[in-house]
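Quick look at structure.pdb (PDB, C-alpha atoms and all ligand atoms):
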```
ATOM      1  CA  MET J 207      87.516  71.888 111.009
ATOM      2  CA  THR J 208      86.388  75.094 112.665
ATOM      3  CA  SER J 209      84.779  77.613 110.373
ATOM      4  CA  ILE J 210      86.386  81.025 110.263
ATOM      5  CA  ASP J 211      84.261  84.146 110.086
ATOM      6  CA  ILE J 212      86.311  86.212 107.642
ATOM      7  CA  GLU J 213      83.958  89.201 107.838
ATOM      8  CA  ALA J 214      83.940  89.293 111.644
ATOM      9  CA  LEU J 215      87.734  89.209 111.836
ATOM     10  CA  ALA J 216      87.955  91.964 109.193
ATOM     11  CA  ARG J 217      85.475  94.076 111.178
ATOM     12  CA  ALA J 218      87.485  93.649 114.395
ATOM     13  CA  LEU J 219      90.683  94.824 112.689
ATOM     14  CA  ASP J 220      88.831  97.661 110.961
ATOM     15  CA  GLU J 221      87.442  98.811 114.302
ATOM     16  CA  ALA J 222      90.937  98.793 115.803
ATOM     17  CA  THR J 223      92.173 100.853 112.844
ATOM     18  CA  ARG J 224      89.518 103.479 113.453
ATOM     19  CA  THR J 225      89.670 103.645 117.243
ATOM     20  CA  GLY J 226      93.335 103.003 117.952
ATOM     21  CA  ALA J 227      92.458 100.257 120.443
ATOM     22  CA  ALA J 228      94.679  97.232 119.814
ATOM     23  CA  VAL J 229      93.217  93.750 119.288
ATOM     24  CA  PRO J 230      94.735  90.379 120.234
ATOM     25  CA  GLN J 231      96.623  88.544 117.498
ATOM     26  CA  LEU J 232      94.153  86.574 115.392
ATOM     27  CA  THR J 233      96.411  83.538 115.525
ATOM     28  CA  THR J 234      96.085  83.396 119.316
ATOM     29  CA  ILE J 235      92.324  82.954 118.848
ATOM     30  CA  THR J 236      92.187  81.065 115.562
ATOM     31  CA  GLU J 237      95.386  79.056 115.470
ATOM     32  CA  ALA J 238      94.686  77.318 112.174
ATOM     33  CA  LEU J 239      94.322  80.522 110.144
ATOM     34  CA  THR J 240      96.043  80.112 106.756
ATOM     35  CA  VAL J 241      97.835  82.730 104.657
ATOM     36  CA  GLU J 242      95.043  82.460 102.067
ATOM     37  CA  GLN J 243      92.399  83.180 104.717
ATOM     38  CA  ALA J 244      94.512  86.064 106.028
ATOM     39  CA  TYR J 245      94.476  87.641 102.546
ATOM     40  CA  GLU J 246      90.690  87.145 102.436
ATOM     41  CA  ILE J 247      90.420  89.033 105.731
ATOM     42  CA  GLN J 248      92.669  91.758 104.319
ATOM     43  CA  HIS J 249      90.481  92.134 101.204
ATOM     44  CA  ALA J 250      87.331  92.170 103.339
ATOM     45  CA  GLY J 251      88.868  94.994 105.379
ATOM     46  CA  ILE J 252      89.572  96.977 102.216
ATOM     47  CA  ALA J 253      85.967  96.411 101.130
ATOM     48  CA  LEU J 254      84.841  97.962 104.429
ATOM     49  CA  ARG J 255      86.999 101.015 103.689
ATOM     50  CA  GLU J 256      85.635 101.232 100.146
ATOM     51  CA  GLY J 257      82.145 101.081 101.624
ATOM     52  CA  ARG J 258      83.031 104.296 103.465
ATOM     53  CA  GLY J 259      84.148 105.954 100.242
ATOM     54  CA  GLU J 260      87.852 105.190 100.276
ATOM     55  CA  VAL J 261      89.447 104.589  96.886
ATOM     56  CA  ARG J 262      92.204 102.080  96.283
ATOM     57  CA  SER J 263      95.451 103.783  95.146
ATOM     58  CA  GLY J 264      97.840 100.874  94.814
ATOM     59  CA  VAL J 265      99.759  98.249  96.710
ATOM     60  CA  LYS J 266     102.612  97.945  99.163
ATOM     61  CA  LEU J 267     105.144  95.301 100.004
ATOM     62  CA  GLY J 268     106.296  94.578 103.512
ATOM     63  CA  LEU J 269     109.167  92.785 105.214
ATOM     64  CA  THR J 270     111.390  93.404 102.221
ATOM     65  CA  SER J 271     114.473  94.346 104.225
ATOM     66  CA  LYS J 272     116.559  92.052 106.384
ATOM     67  CA  ALA J 273     116.577  94.641 109.200
ATOM     68  CA  LYS J 274     112.804  94.816 109.069
ATOM     69  CA  ALA J 275     112.239  91.087 108.942
ATOM     70  CA  ALA J 276     114.583  90.686 111.912
ATOM     71  CA  GLN J 277     112.805  93.497 113.798
ATOM     72  CA  MET J 278     109.473  91.719 113.352
ATOM     73  CA  GLY J 279     110.731  88.123 113.567
ATOM     74  CA  VAL J 280     109.042  87.318 110.240
ATOM     75  CA  SER J 281     110.840  86.416 107.028
ATOM     76  CA  ASP J 282     108.596  86.449 103.975
ATOM     77  CA  VAL J 283     107.536  89.290 101.696
ATOM     78  CA  ILE J 284     103.887  90.320 102.140
ATOM     79  CA  ILE J 285     101.534  92.478 100.056
ATOM     80  CA  GLY J 286      98.836  94.926 101.105
ATOM     81  CA  THR J 287      96.510  97.520  99.601
ATOM     82  CA  ILE J 288      96.768 101.288 100.029
ATOM     83  CA  THR J 289      94.020 103.861  99.491
ATOM     84  CA  ALA J 290      94.069 107.487  98.394
ATOM     85  CA  GLN J 291      92.733 108.417 101.846
ATOM     86  CA  MET J 292      95.932 107.050 103.412
ATOM     87  CA  ALA J 293      98.042 109.531 101.418
ATOM     88  CA  ILE J 294      99.455 112.589 103.164
ATOM     89  CA  PRO J 295     100.883 115.357 100.975
ATOM     90  CA  ASP J 296     104.657 115.901 101.112
ATOM     91  CA  GLY J 297     105.252 118.346 103.989
ATOM     92  CA  GLY J 298     101.712 117.759 105.248
ATOM     93  CA  THR J 299     100.590 116.663 108.681
ATOM     94  CA  VAL J 300      99.663 113.260 110.008
ATOM     95  CA  ASP J 301      97.391 113.137 113.050
ATOM     96  CA  ILE J 302      98.478 110.128 115.087
ATOM     97  CA  SER J 303      95.852 110.501 117.806
ATOM     98  CA  ARG J 304      93.899 107.502 116.484
ATOM     99  CA  GLY J 305      97.023 105.401 116.048
ATOM    100  CA  VAL J 306      97.818 102.403 118.222
ATOM    101  CA  HIS J 307     101.599 102.772 118.048
ATOM    102  CA  PRO J 308     102.434 104.361 114.683
ATOM    103  CA  ARG J 309     105.904 104.042 113.206
ATOM    104  CA  VAL J 310     107.557 105.513 110.140
ATOM    105  CA  GLU J 311     109.891 103.985 107.603
ATOM    106  CA  PRO J 312     111.852 105.380 104.660
ATOM    107  CA  GLU J 313     110.915 103.775 101.356
ATOM    108  CA  VAL J 314     111.047 103.993  97.585
ATOM    109  CA  ALA J 315     107.763 104.258  95.669
ATOM    110  CA  PHE J 316     106.989 103.439  92.048
ATOM    111  CA  ARG J 317     104.069 104.401  89.828
ATOM    112  CA  PHE J 318     102.587 102.259  87.085
ATOM    113  CA  GLY J 319     101.529 103.882  83.823
ATOM    114  CA  GLU J 320      99.416 101.004  82.571
ATOM    115  CA  ASP J 321      97.401  98.032  83.738
ATOM    116  CA  VAL J 322      99.520  94.920  84.238
ATOM    117  CA  PRO J 323      97.770  91.628  83.439
ATOM    118  CA  THR J 324      98.390  88.847  85.962
ATOM    119  CA  ASP J 325     100.135  86.740  83.304
ATOM    120  CA  ALA J 326     102.401  89.553  82.060
ATOM    121  CA  PRO J 327     106.066  88.594  81.591
ATOM    122  CA  GLU J 328     108.636  90.316  83.822
ATOM    123  CA  ALA J 329     109.788  92.696  81.085
ATOM    124  CA  GLN J 330     106.220  93.979  80.699
ATOM    125  CA  VAL J 331     105.848  94.502  84.459
ATOM    126  CA  LEU J 332     109.042  96.548  84.603
ATOM    127  CA  ALA J 333     108.178  98.497  81.441
ATOM    128  CA  ALA J 334     104.856  99.509  83.012
ATOM    129  CA  VAL J 335     106.683 101.447  85.756
ATOM    130  CA  THR J 336     106.902 105.101  84.742
ATOM    131  CA  HIS J 337     107.951 107.004  87.877
ATOM    132  CA  VAL J 338     109.963 106.612  91.057
ATOM    133  CA  ALA J 339     110.038 108.696  94.255
ATOM    134  CA  ALA J 340     111.377 108.777  97.778
ATOM    135  CA  ALA J 341     108.577 107.940 100.212
ATOM    136  CA  LEU J 342     107.683 107.591 103.860
ATOM    137  CA  GLU J 343     105.378 104.853 104.984
ATOM    138  CA  ILE J 344     103.480 105.099 108.260
ATOM    139  CA  ILE J 345     102.725 101.678 109.621
ATOM    140  CA  ASP J 346     100.656 100.868 112.666
ATOM    141  CA  SER J 347     100.014  97.318 113.699
ATOM    142  CA  ARG J 348      96.559  96.875 115.123
ATOM    143  CA  TYR J 349      97.971  94.146 117.391
ATOM    144  CA  LYS J 350      99.120  94.730 120.917
ATOM    145  CA  ASP J 351     102.835  95.456 121.315
ATOM    146  CA  PHE J 352     103.349  95.425 117.512
ATOM    147  CA  LYS J 353     103.648  91.644 117.779
ATOM    148  CA  PHE J 354     102.341  89.334 115.087
ATOM    149  CA  THR J 355     102.927  86.287 112.937
ATOM    150  CA  LEU J 356     103.039  86.468 109.143
ATOM    151  CA  VAL J 357      99.372  85.439 108.986
ATOM    152  CA  ASP J 358      98.370  88.106 111.538
ATOM    153  CA  VAL J 359     100.103  90.932 109.697
ATOM    154  CA  VAL J 360      98.690  89.882 106.324
ATOM    155  CA  ALA J 361      95.146  89.988 107.761
ATOM    156  CA  ASP J 362      95.964  93.439 109.196
ATOM    157  CA  ASN J 363      96.678  94.766 105.670
ATOM    158  CA  THR J 364     100.425  94.592 106.398
ATOM    159  CA  SER J 365     100.095  97.323 109.062
ATOM    160  CA  ALA J 366      99.364  99.921 106.353
ATOM    161  CA  SER J 367      98.330 103.243 107.857
ATOM    162  CA  GLY J 368      99.581 106.167 105.760
ATOM    163  CA  TYR J 369     102.139 107.227 103.172
ATOM    164  CA  VAL J 370     103.865 110.315 101.894
ATOM    165  CA  LEU J 371     105.301 110.550  98.391
ATOM    166  CA  GLY J 372     108.188 112.818  97.425
ATOM    167  CA  GLN J 373     108.594 114.304  93.981
ATOM    168  CA  TRP J 374     107.860 111.774  91.220
ATOM    169  CA  ILE J 375     110.813 111.352  88.886
ATOM    170  CA  PRO J 376     110.188 109.845  85.449
ATOM    171  CA  VAL J 377     112.228 106.636  85.281
ATOM    172  CA  LYS J 378     113.558 107.771  81.890
ATOM    173  CA  GLN J 379     114.912 110.958  83.474
ATOM    174  CA  LEU J 380     116.996 109.251  86.137
ATOM    175  CA  PRO J 381     120.549 110.453  85.543
ATOM    176  CA  GLU J 382     122.741 107.977  83.736
ATOM    177  CA  GLY J 383     124.660 105.777  86.154
ATOM    178  CA  VAL J 384     122.115 106.162  88.949
ATOM    179  CA  LYS J 385     121.390 102.684  90.218
ATOM    180  CA  LEU J 386     118.321 102.300  92.403
ATOM    181  CA  SER J 387     120.057  99.363  94.027
ATOM    182  CA  ASP J 388     122.595 101.504  95.827
ATOM    183  CA  LEU J 389     121.300 104.864  97.055
ATOM    184  CA  ALA J 390     121.981 106.105 100.586
ATOM    185  CA  VAL J 391     118.892 106.474 102.787
ATOM    186  CA  ARG J 392     118.630 108.521 105.975
ATOM    187  CA  LEU J 393     115.636 108.831 108.294
ATOM    188  CA  MET J 394     115.588 112.010 110.408
ATOM    189  CA  ALA J 395     113.242 112.903 113.254
ATOM    190  CA  ASP J 396     113.380 116.367 114.837
ATOM    191  CA  GLY J 397     116.924 116.867 113.640
ATOM    192  CA  GLU J 398     118.103 113.518 114.930
ATOM    193  CA  GLU J 399     119.316 110.760 112.635
ATOM    194  CA  VAL J 400     117.231 107.754 113.613
ATOM    195  CA  ALA J 401     118.187 105.259 110.910
ATOM    196  CA  THR J 402     120.441 104.926 107.898
ATOM    197  CA  GLY J 403     120.549 102.352 105.166
ATOM    198  CA  SER J 404     120.607 101.835 101.442
ATOM    199  CA  THR J 405     117.933 101.282  98.844
ATOM    200  CA  GLY J 406     119.777  98.020  98.281
ATOM    201  CA  ASP J 407     118.242  96.897 101.574
ATOM    202  CA  ILE J 408     114.901  96.762  99.753
ATOM    203  CA  LEU J 409     114.964  93.232  98.295
ATOM    204  CA  GLY J 410     118.594  93.732  97.229
ATOM    205  CA  ASP J 411     117.282  96.138  94.571
ATOM    206  CA  PRO J 412     113.975  98.089  94.640
ATOM    207  CA  TRP J 413     113.413  97.050  91.010
ATOM    208  CA  GLN J 414     112.611  93.630  92.431
ATOM    209  CA  ALA J 415     109.530  95.157  94.103
ATOM    210  CA  PRO J 416     107.337  95.559  90.990
ATOM    211  CA  LEU J 417     108.108  91.931  90.113
ATOM    212  CA  ASP J 418     107.304  90.673  93.617
ATOM    213  CA  ALA J 419     104.147  92.808  93.802
ATOM    214  CA  HIS J 420     103.016  91.390  90.486
ATOM    215  CA  ARG J 421     103.772  87.803  91.497
ATOM    216  CA  MET J 422     102.241  88.102  94.972
ATOM    217  CA  GLY J 423      99.293  90.076  93.650
ATOM    218  CA  ALA J 424      98.543  87.447  91.007
ATOM    219  CA  THR J 425      98.484  84.805  93.735
ATOM    220  CA  TYR J 426      96.538  86.710  96.375
ATOM    221  CA  GLY J 427      94.175  88.922  94.394
ATOM    222  CA  HIS J 428      95.862  92.337  94.092
ATOM    223  CA  ARG J 429      95.573  93.676  90.546
ATOM    224  CA  ILE J 430      98.037  96.280  89.273
ATOM    225  CA  ARG J 431      96.334  99.076  87.372
ATOM    226  CA  SER J 432      97.383 102.195  85.529
ATOM    227  CA  GLY J 433      98.117 104.996  88.019
ATOM    228  CA  ASP J 434      98.781 102.622  90.897
ATOM    229  CA  VAL J 435     101.399 103.497  93.477
ATOM    230  CA  LEU J 436     103.672 100.752  94.786
ATOM    231  CA  LEU J 437     105.403 101.222  98.127
ATOM    232  CA  ALA J 438     108.439  99.006  97.588
ATOM    233  CA  GLY J 439     109.265  98.407 101.253
ATOM    234  CA  ALA J 440     111.361  99.891 104.017
ATOM    235  CA  ALA J 441     115.074 100.485 103.655
ATOM    236  CA  THR J 442     115.631 100.506 107.439
ATOM    237  CA  ALA J 443     113.890  99.406 110.615
ATOM    238  CA  ALA J 444     110.841 101.522 111.497
ATOM    239  CA  ALA J 445     110.932 104.350 114.075
ATOM    240  CA  PRO J 446     108.111 105.309 116.495
ATOM    241  CA  LEU J 447     106.268 108.540 115.655
ATOM    242  CA  ALA J 448     104.889 109.363 119.110
ATOM    243  CA  GLY J 449     106.611 112.387 120.590
ATOM    244  CA  ARG J 450     107.987 113.512 117.217
ATOM    245  CA  ALA J 451     107.112 116.762 115.467
ATOM    246  CA  GLU J 452     108.800 116.408 112.073
ATOM    247  CA  VAL J 453     110.162 113.420 110.220
ATOM    248  CA  HIS J 454     111.870 113.252 106.871
ATOM    249  CA  ALA J 455     113.743 110.803 104.711
ATOM    250  CA  ASP J 456     116.595 111.685 102.392
ATOM    251  CA  VAL J 457     117.195 109.277  99.547
ATOM    252  CA  ALA J 458     120.259 110.066  97.447
ATOM    253  CA  GLU J 459     119.329 111.115  93.876
ATOM    254  CA  LEU J 460     115.590 110.846  94.619
ATOM    255  CA  GLY J 461     115.338 113.677  97.144
ATOM    256  CA  THR J 462     113.652 114.393 100.445
ATOM    257  CA  VAL J 463     110.139 113.627 101.660
ATOM    258  CA  SER J 464     108.750 114.960 104.920
ATOM    259  CA  VAL J 465     105.784 114.904 107.236
ATOM    260  CA  ARG J 466     104.739 116.833 110.337
ATOM    261  CA  VAL J 467     103.339 114.874 113.230
ATOM    262  CA  HIS J 468     100.409 116.076 115.262
ATOM    263  CA  ASP J 469      98.740 114.330 118.172
ATOM    264  CA  SER J 470      95.375 115.993 118.651
ATOM    265  CA  GLU J 471      94.544 113.873 121.678
ATOM    266  CA  GLY J 472      97.825 114.236 123.487
ATOM    267  CA  GLY J 473      99.499 110.860 123.091
ATOM    268  CA  ALA J 474      97.720 107.875 124.624
ATOM    269  CA  HIS J 475      99.848 105.457 122.622
ATOM    270  CA  GLU J 476     101.203 102.163 123.800
TER
HETATM  271  C1  LIG F   1     104.686  95.063 108.604
HETATM  272  C2  LIG F   1     104.808  96.023 107.454
HETATM  273  C3  LIG F   1     106.227  96.160 107.001
HETATM  274  C4  LIG F   1     107.786  97.205 105.311
HETATM  275  O1  LIG F   1     108.047  98.151 104.567
HETATM  276  O2  LIG F   1     108.593  96.323 105.556
HETATM  277  C5  LIG F   1     106.435  97.161 105.932
HETATM  278  C6  LIG F   1     105.122  95.653 109.901
HETATM  279  O3  LIG F   1     106.323  95.719 110.160
HETATM  280  O4  LIG F   1     104.276  96.059 110.703
HETATM  281  O5  LIG F   1     105.610  97.947 105.569
HETATM  282 MG    MG F   2     106.576  99.636 104.571
END
```

Show this structure as C-alpha cells.
Ligand code: OOG
Ligand code: MG
Amino acid sequence: MTSIDIEALARALDEATRTGAAVPQLTTITEALTVEQAYEIQHAGIALREGRGEVRSGVKLGLTSKAKAAQMGVSDVIIGTITAQMAIPDGGTVDISRGVHPRVEPEVAFRFGEDVPTDAPEAQVLAAVTHVAAALEIIDSRYKDFKFTLVDVVADNTSASGYVLGQWIPVKQLPEGVKLSDLAVRLMADGEEVATGSTGDILGDPWQAPLDAHRMGATYGHRIRSGDVLLAGAATAAAPLAGRAEVHADVAELGTVSVRVHDSEGGAHE
C-alpha cells in the first residue's frame, strides 16, 4: 500500500485556491485515494484556512440536483465546509481575478439556531433550523477543466469558493401554504436568463438538506453548531462568472439575492 501524504495534497489544493492556478486531479496521481482520505484532505485544507484566521461558518452540500450531477458526471451527495471569509454581502462584489474558472449557482440556504448532536433524531435536526433564504453559491474547482471524480471534488472542499445570502426569513414566518419543495428559481446574468429550475430540484425538497448534512457530517466529521449556515445545493446547473458584471437569483417567496462581479486582473480564466 502506498502511503498518502494528506497534508501535502491539502497544501497543493490550498495553493491552487489562493493563486488560481489549476492542479491535476488527485486521482490521476493517487489512484487509490478513498472517500475517507478525501474528507481528511478537505479537513486539512480547512485547518490551513483557519491557520490564516478564517472562521468556519457552516456547511454546504453538493451534487444535490440531477442537472448538476449530470453536468459533473458524478452522482452522490457531498459535504463541504464554508467560512465567514467566503461570504459576500447581498449586492456586494466578488473579485474573480484569483479564480480558476468560477461559476455561480442559485441555491437555498438554511440557518441552525442550536447545536445538533451527531446522534440527534431527524425531528431534532429539522427543529434546529430557524431561518431560510435564497442564496448564490460561487464554486470554483481547483482542477483543470472543472473535471473531477467524487473523491477529487470532496478533497477540494466540494469546489466551495464563495456565497451570498439573501434576506433570512424565519421558518415560522413562511406564509401558510408555501412549500419549499416547489418554488420557481431563476438565475439571471446581466439581464439574461441563464438557468431556470425549481427548489424541488434540490434533493426533491430542500428540507432533505439539513437531514443529509447531519447524516453526512456525522460520518465525515462536520459538526452542526448554533448559527451555522447550510447551503442546501444548487437548483440548476452552474453558470460561468467570467465576463459577467451582475448576477442574481430569484427564488419565489424567498426573494432575490445578487452579486456584482469584478475581475481586477482582467480575466485570465480557463
Ligand atoms: C461541486 C459542487 C457542487 C452544488 O450545489 O451542487 C455544488 C462542483 O460542481 O464543482 O456546490
Ligand atoms: Mg452549490

task: Residues within 8 Å of ligand LIG 1 (chain F) should be enumerated using all atoms listed in the file and returned as a PyMOL selection string.
output: chain J and resi 266-271+274-275+277-278+284+311+313+343-347+352+359+364-366+437-441+443-444

query: Using all atoms listed in the file, which of the listed residues (J:Gly286, J:Pro308, J:Gly257, J:Gly226) sits closest to Ala448 of chain J?
result: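 So, comparing all the options, the nearest one is J:Pro308.
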
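Here the PyMOL selection byres (((chain J and resi 451) around 6) and not hetatm) catches exactly these residues: Arg450, Glu452, Arg466 and Val467 of chain J.
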
query: What's the 8 Å shell around Ala290 of chain J, counting only C-alpha atoms, without same-chain residues fewer than 5 positions away, as a PyMOL selection string?
result: chain J and resi 260-263

query: Taking all atoms listed in the file into account, which of J:Val435, J:Met394, J:Val310, J:Val360 comes nearest ligand MG 2 (chain F)?
result: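 Counting all atoms listed in the file, the residue closest to ligand MG 2 (chain F) is J:Val310.
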
task: On this file, the PyMOL selection byres (((chain J and resi 214) around 12) and not hetatm) gives some set of residues; write that set as number ranges by chain.
output: J: 209-213, 215-221, 232, 246-248, 250-251, 254, 361

field: Given all atoms listed in the file as the counted atoms, nearest of J:Arg304, J:His428, J:Arg224, J:His337 to His468 of chain J
entry: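 Of all the options, J:Arg304 lies closest to His468 of chain J.
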
message: Rounded to one decimal, what separation in Å do you get between atom CA of Ile408 of chain J and atom CA of Thr240 of chain J?
response: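 So the answer is 26.1 Å.
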
- line: Students should find that atom CA of Ser387 of chain J and atom CA of Val314 of chain J are spaced 10.7 Å

As a check of understanding, name the residues that the PyMOL selection byres (((chain J and resi 296-300) around 9) and not hetatm) selects in the supplied structure, as a PDB file with C-alpha atoms, in the coordinates of the input.
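File written: expr_7.pdb
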```
ATOM      1  CA  ILE J 294      99.455 112.589 103.164  1.00  0.00           C
ATOM      2  CA  PRO J 295     100.883 115.357 100.975  1.00  0.00           C
ATOM      3  CA  ASP J 301      97.391 113.137 113.050  1.00  0.00           C
ATOM      4  CA  ILE J 302      98.478 110.128 115.087  1.00  0.00           C
ATOM      5  CA  ALA J 341     108.577 107.940 100.212  1.00  0.00           C
ATOM      6  CA  GLY J 368      99.581 106.167 105.760  1.00  0.00           C
ATOM      7  CA  VAL J 370     103.865 110.315 101.894  1.00  0.00           C
ATOM      8  CA  LEU J 371     105.301 110.550  98.391  1.00  0.00           C
ATOM      9  CA  GLY J 372     108.188 112.818  97.425  1.00  0.00           C
ATOM     10  CA  GLN J 373     108.594 114.304  93.981  1.00  0.00           C
ATOM     11  CA  GLU J 452     108.800 116.408 112.073  1.00  0.00           C
ATOM     12  CA  HIS J 454     111.870 113.252 106.871  1.00  0.00           C
ATOM     13  CA  VAL J 463     110.139 113.627 101.660  1.00  0.00           C
ATOM     14  CA  SER J 464     108.750 114.960 104.920  1.00  0.00           C
ATOM     15  CA  VAL J 465     105.784 114.904 107.236  1.00  0.00           C
ATOM     16  CA  ARG J 466     104.739 116.833 110.337  1.00  0.00           C
ATOM     17  CA  VAL J 467     103.339 114.874 113.230  1.00  0.00           C
ATOM     18  CA  HIS J 468     100.409 116.076 115.262  1.00  0.00           C
ATOM     19  CA  ASP J 469      98.740 114.330 118.172  1.00  0.00           C
TER      20      ASP J 469
END
```

- request: Pick out the residues sitting within 9 Å of Gly461 of chain J, and hand them over as a PyMOL selection string; count all atoms listed in the file, and ignore anything fewer than 2 positions along from it in its own chain.
  value: chain J and resi 339-340+372-373+455-459+463

Just the selected residues (C-alpha atoms), exported as an mmCIF file, keeping the file's coordinate frame, please.
```cif
data_model
loop_
_atom_site.group_PDB
_atom_site.id
_atom_site.type_symbol
_atom_site.label_atom_id
_atom_site.label_comp_id
_atom_site.auth_asym_id
_atom_site.auth_seq_id
_atom_site.Cartn_x
_atom_site.Cartn_y
_atom_site.Cartn_z
ATOM 1 C CA ALA J 339 110.038 108.696 94.255
ATOM 2 C CA ALA J 340 111.377 108.777 97.778
ATOM 3 C CA GLY J 372 108.188 112.818 97.425
ATOM 4 C CA GLN J 373 108.594 114.304 93.981
ATOM 5 C CA ALA J 455 113.743 110.803 104.711
ATOM 6 C CA ASP J 456 116.595 111.685 102.392
ATOM 7 C CA VAL J 457 117.195 109.277 99.547
ATOM 8 C CA ALA J 458 120.259 110.066 97.447
ATOM 9 C CA GLU J 459 119.329 111.115 93.876
ATOM 10 C CA VAL J 463 110.139 113.627 101.660
#
```

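Taking atom CA of Val280 of chain J as the reference point, atom CA of Met292 of chain J is found at 24.7 Å.
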
message: Please determine, counting only C-alpha atoms and all ligand atoms, which residue among J:Gly319, J:Gly410, J:Pro312, J:Gly279 has the shortest atom-to-atom distance to ligand MG 2 (chain F).
response: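 So, comparing all the options, the nearest one is J:Pro312.
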
task: Select, from J:Thr405, J:Thr324, J:Thr233, J:Asn363, the residue with the minimum atom-to-atom distance to Arg431 of chain J, counting all atoms listed in the file.
output: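 Selected residue with least distance to Arg431 of chain J: J:Thr324.
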
query: Using all atoms listed in the file, which residue out of J:Ala333, J:Pro323, J:Ala315, J:Val283 lies closest to Asp418 of chain J?
result: J:Val283

query: Which residues, protein or nucleic acid, reach to within 7 Å of (119.7, 100.1, 93.0) in the file's coordinates when using only C-alpha atoms, and can you give that as a ChimeraX atom specification?
result: /J:385-389,405-406,411-412

query: Using only C-alpha atoms, which residues sit within 7 Å of Tyr349 of chain J once same-chain residues fewer than 2 positions away are excluded, as a VMD selection string?
result: chain J and resid 228 to 231 347 351 to 354

message: Around (109.9, 89.0, 82.7), as given in the file, which residues come within 12 Å? Count all atoms listed in the file and list them as a PyMOL selection string.
response: chain J and resi 324-334+414+416-418+420-421

Limited to C-alpha atoms, could you put the picked residues into a file as a compact mmCIF listing (two decimals), keeping the file's coordinate frame?
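Result written to again24.txt:
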```txt
# COMPACT_ATOMS: atom_id res chain seq x y z
CA THR J 324 98.39 88.85 85.96
CA ASP J 325 100.14 86.74 83.30
CA ALA J 326 102.40 89.55 82.06
CA PRO J 327 106.07 88.59 81.59
CA GLU J 328 108.64 90.32 83.82
CA ALA J 329 109.79 92.70 81.08
CA GLN J 330 106.22 93.98 80.70
CA VAL J 331 105.85 94.50 84.46
CA LEU J 332 109.04 96.55 84.60
CA ALA J 333 108.18 98.50 81.44
CA ALA J 334 104.86 99.51 83.01
CA GLN J 414 112.61 93.63 92.43
CA PRO J 416 107.34 95.56 90.99
CA LEU J 417 108.11 91.93 90.11
CA ASP J 418 107.30 90.67 93.62
CA HIS J 420 103.02 91.39 90.49
CA ARG J 421 103.77 87.80 91.50
```

Write a file for segment 270-282 of chain J of the given structure; include N, CA and C atoms and format it as a PDB file, in the first residue's frame.
```pdb
ATOM      1  N   THR J 270     -26.553  17.898  -5.397  1.00  0.00           N
ATOM      2  CA  THR J 270     -27.885  17.571  -4.881  1.00  0.00           C
ATOM      3  C   THR J 270     -28.956  17.618  -5.969  1.00  0.00           C
ATOM      4  N   SER J 271     -28.622  18.176  -7.125  1.00  0.00           N
ATOM      5  CA  SER J 271     -29.627  18.228  -8.189  1.00  0.00           C
ATOM      6  C   SER J 271     -29.231  17.293  -9.326  1.00  0.00           C
ATOM      7  N   LYS J 272     -30.236  16.763  -9.983  1.00  0.00           N
ATOM      8  CA  LYS J 272     -29.968  15.826 -11.085  1.00  0.00           C
ATOM      9  C   LYS J 272     -29.216  16.527 -12.207  1.00  0.00           C
ATOM     10  N   ALA J 273     -29.600  17.806 -12.464  1.00  0.00           N
ATOM     11  CA  ALA J 273     -28.936  18.569 -13.544  1.00  0.00           C
ATOM     12  C   ALA J 273     -27.449  18.716 -13.230  1.00  0.00           C
ATOM     13  N   LYS J 274     -27.184  19.011 -11.964  1.00  0.00           N
ATOM     14  CA  LYS J 274     -25.822  19.229 -11.506  1.00  0.00           C
ATOM     15  C   LYS J 274     -24.993  17.943 -11.573  1.00  0.00           C
ATOM     16  N   ALA J 275     -25.578  16.884 -11.064  1.00  0.00           N
ATOM     17  CA  ALA J 275     -24.861  15.607 -11.067  1.00  0.00           C
ATOM     18  C   ALA J 275     -24.540  15.207 -12.505  1.00  0.00           C
ATOM     19  N   ALA J 276     -25.501  15.434 -13.403  1.00  0.00           N
ATOM     20  CA  ALA J 276     -25.288  15.096 -14.812  1.00  0.00           C
ATOM     21  C   ALA J 276     -24.196  15.993 -15.400  1.00  0.00           C
ATOM     22  N   GLN J 277     -24.228  17.284 -15.041  1.00  0.00           N
ATOM     23  CA  GLN J 277     -23.233  18.233 -15.557  1.00  0.00           C
ATOM     24  C   GLN J 277     -21.826  17.772 -15.163  1.00  0.00           C
ATOM     25  N   MET J 278     -21.679  17.252 -13.958  1.00  0.00           N
ATOM     26  CA  MET J 278     -20.368  16.883 -13.451  1.00  0.00           C
ATOM     27  C   MET J 278     -20.050  15.397 -13.636  1.00  0.00           C
ATOM     28  N   GLY J 279     -21.028  14.600 -14.045  1.00  0.00           N
ATOM     29  CA  GLY J 279     -20.802  13.175 -14.238  1.00  0.00           C
ATOM     30  C   GLY J 279     -20.561  12.435 -12.924  1.00  0.00           C
ATOM     31  N   VAL J 280     -21.121  12.960 -11.842  1.00  0.00           N
ATOM     32  CA  VAL J 280     -20.935  12.383 -10.507  1.00  0.00           C
ATOM     33  C   VAL J 280     -22.325  12.265  -9.884  1.00  0.00           C
ATOM     34  N   SER J 281     -22.572  11.259  -9.062  1.00  0.00           N
ATOM     35  CA  SER J 281     -23.959  11.045  -8.655  1.00  0.00           C
ATOM     36  C   SER J 281     -24.183  10.769  -7.170  1.00  0.00           C
ATOM     37  N   ASP J 282     -23.389  11.393  -6.309  1.00  0.00           N
ATOM     38  CA  ASP J 282     -23.604  11.173  -4.884  1.00  0.00           C
ATOM     39  C   ASP J 282     -23.547  12.527  -4.197  1.00  0.00           C
TER      40      ASP J 282
END
```
